[in-house]
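I have placed the structure first, in the form of structure tokens, so that the comments after it can refer back to it.
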Amino acid sequence: MKQRLVTGLIIALIAVPPLVLGGFPLLLLVFAVSGLASYEILAVRGGKISWGLVSFLFASTLVMYLVPIDFYIPAIIAFLIVLFVIHIFTKEISIEDLSYVFVMTMILTLAVKGIIHIYNYGGLVMIYVALACFGCDTGAYFFGVFFGKHKLIERISPKKTWEGAIGGWLTGAVASYAFAMIFIPNMFDPSVILFSSLTLPIVAQIGDLSFSAVKRQYHVKDFGSIFPGHGGVLDRVDSLLFCLMYFHAILLFIEVVVII
């Protein structure tokens, strides 16, 4: 537990300043995470890693990060076609892995797209989303360690418990809602803040379980080993990727339906 806490503190010290400052520091953080995540997406399958394919996934993420929302669907279609071309003419992606690589890359790019959208509302809103996510992760860990008795979904994640899941949801919801009421009380309608605070921790746990299912499928414990006690980049940001996508969708919805 000590190693996990120390590593978690170091990660926070590295990640929080760019999240608060935005701009170039955030861009560097996004590039670093995207590059490492692209590698881990492919590495988890086992076998030899093609750096050309890693570079392609990383470049695709950055391209879809930069393209306007109106061109996003054409970019996705082009990416899918190129994946099939790679499968047809090389042995770097099997037909079994093609859908996995596509879905994981889409999760990564939609999350990165979410960062851009969320930052239109300021760095404090990004902190709000991150707090809902990591507050849930932290609460789930400690509630699970000290009170966990009833298994949640043992076939996917044997160590997760209902007590941890409920405790994580409660911690993430309370922490994010309190933060929003103090620092961004007038940013959104109160009902939006309440709804987001209640649902973001649930989405965070869905993301965590989804990535756990991927690891079970490929018979690995972690996506990587860059963070002692935490595994790889994807092990650390799995729930955050889902939260970024989800809050991105919430913002798109309220911008269309509601006048903020």
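Going through the structure tokens in order, the chains are called A, B, and so on, while each chain numbers its residues from 1 and the ligands are numbered from 1 in the order shown.
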
I'd like the neighbourhood of segment 57-65 of chain A as a PyMOL selection string, where a residue qualifies if any of its atoms comes within 6 Å (using only C-alpha atoms), though same-chain residues fewer than 3 positions away should be ignored.
chain A and resi 35+38+54+109+113

Dump of N, CA and C atoms for the selected residues, as a PDB file, in the first residue's frame:
ATOM      1  N   GLY A  35       1.050   8.907 -26.415  1.00  0.00           N
ATOM      2  CA  GLY A  35       2.117   8.063 -26.941  1.00  0.00           C
ATOM      3  C   GLY A  35       2.288   6.781 -26.152  1.00  0.00           C
ATOM      4  N   SER A  38      -0.767   4.509 -26.673  1.00  0.00           N
ATOM      5  CA  SER A  38      -0.743   3.847 -27.983  1.00  0.00           C
ATOM      6  C   SER A  38       0.144   2.608 -27.937  1.00  0.00           C
ATOM      7  N   VAL A  54       2.680   1.586 -33.707  1.00  0.00           N
ATOM      8  CA  VAL A  54       2.551   2.477 -32.551  1.00  0.00           C
ATOM      9  C   VAL A  54       2.519   3.931 -33.013  1.00  0.00           C
ATOM     10  N   THR A 109      -9.039   8.801 -28.368  1.00  0.00           N
ATOM     11  CA  THR A 109      -9.221  10.049 -29.115  1.00  0.00           C
ATOM     12  C   THR A 109     -10.451  10.825 -28.650  1.00  0.00           C
ATOM     13  N   LYS A 113     -10.447  14.523 -27.216  1.00  0.00           N
ATOM     14  CA  LYS A 113     -11.389  15.513 -27.733  1.00  0.00           C
ATOM     15  C   LYS A 113     -12.170  16.142 -26.586  1.00  0.00           C
TER      16      LYS A 113
END

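Restricting the calculation to only C-alpha atoms, the smallest distance between Val101 of chain A and any of A:Ser157, A:Glu40, A:Gly52, A:Ile193 is found for A:Glu40.
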
Name the residues in contact with Cys136 of chain A at a cut-off of 10 Å, using only C-alpha atoms, excluding same-chain residues fewer than 5 positions from it; report them as a compact mmCIF listing (two decimals) with C-alpha atoms, in the first residue's frame.
# COMPACT_ATOMS: atom_id res chain seq x y z
CA ALA A 130 -10.84 14.53 -12.50
CA LEU A 131 -11.94 14.79 -8.87
CA TYR A 141 -9.69 1.33 -2.96
CA GLY A 164 -15.65 -0.64 -2.58
CA ALA A 165 -17.88 0.29 -5.52
CA ILE A 166 -20.47 2.00 -3.32
CA GLY A 167 -17.82 3.73 -1.23
CA GLY A 168 -16.04 4.91 -4.36
CA TRP A 169 -19.27 6.26 -5.85
CA LEU A 170 -20.08 8.11 -2.63
CA THR A 171 -16.57 9.56 -2.30
CA GLY A 172 -16.41 10.71 -5.92
CA ALA A 173 -19.92 12.17 -5.88
CA VAL A 174 -19.50 14.10 -2.61
CA ALA A 175 -16.00 15.37 -3.43
CA SER A 176 -16.90 16.58 -6.93
CA LEU A 200 -19.45 10.52 -13.21
CA PRO A 201 -18.24 8.11 -10.48
CA ILE A 202 -20.46 5.38 -11.94
CA VAL A 203 -18.97 5.96 -15.40
CA ALA A 204 -15.49 5.92 -13.84
CA GLN A 205 -16.13 2.44 -12.47
CA SER A 239 -11.62 5.51 -15.58

Spatial neighbours of segment 119-126 of chain A, max dist 7 Å, only C-alpha atoms, sep filter under 3 positions, as a list in words:
Leu19, Val20, Leu21, Gly22, Ile115, Ile116, Val129 and Ala130 of chain A

How about saving the chosen residues, C-alpha atoms kept, as a compact mmCIF listing (two decimals), in the first residue's frame?
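selection09.txt, freshly written:
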# COMPACT_ATOMS: atom_id res chain seq x y z
CA LEU A 19 -4.53 20.21 -15.65
CA VAL A 20 -4.73 23.51 -13.79
CA LEU A 21 -2.52 25.58 -16.11
CA GLY A 22 -3.77 24.23 -19.44
CA ILE A 115 -10.21 17.58 -22.88
CA ILE A 116 -10.39 20.30 -25.53
CA VAL A 129 -14.20 15.90 -13.68
CA ALA A 130 -10.84 14.53 -12.50

Run DSSP on the backbone of this structure and report the residues of segment 36-260 of chain A it assigns to alpha helix (DSSP H), as a PyMOL selection string.
chain A and resi 36-43+51-66+72-89+95-119+123-147+162-183+190-217+233-257

In terms of the shortest atom-to-atom distance over only C-alpha atoms, which of A:Leu240, A:Ala15, A:Gly114, A:Phe71 is closest to Ala132 of chain A?
A:Leu240

Enumerate, as a ChimeraX atom specification, the complete set of residues in segment 11-253 of chain A that a backbone-based DSSP assignment places in strand (DSSP E or B).
/A:151,161,227,231

List the neighbours of segment 231-234 of chain A out to 10 Å using only C-alpha atoms; skip same-chain residues closer than 4 positions along the sequence, and give me the result as a ChimeraX atom specification.
/A:4,32-41,108,208,211,221-227,238-241

Do you have the atom CA of Gly144 of chain A-atom CA of Ser212 of chain A distance handy?
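Going from atom CA of Gly144 of chain A over to atom CA of Ser212 of chain A, I get 16.4 Å.
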
Option closest in space to Ile10 of chain A, from A:Pro228, A:Pro68, A:Val85, A:Arg216 [counting only C-alpha atoms]:
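Under the stated criterion, the closest residue is A:Pro228.
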
Among listed residues A:Met181, A:Phe102, A:Lys48, A:Ala140, nearest Ala78 of chain A (using only C-alpha atoms)
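The shortest atom-to-atom distance to Ala78 of chain A comes from A:Phe102.
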
To one decimal place, how far is atom CA of Phe247 of chain A from atom CA of Gly207 of chain A in Å?
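Separation of atom CA of Phe247 of chain A and atom CA of Gly207 of chain A: 13.3 Å.
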
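Closest to Pro185 of chain A among A:Asp97, A:Val112, A:Met106, A:Tyr128 is A:Tyr128, based on only C-alpha atoms.
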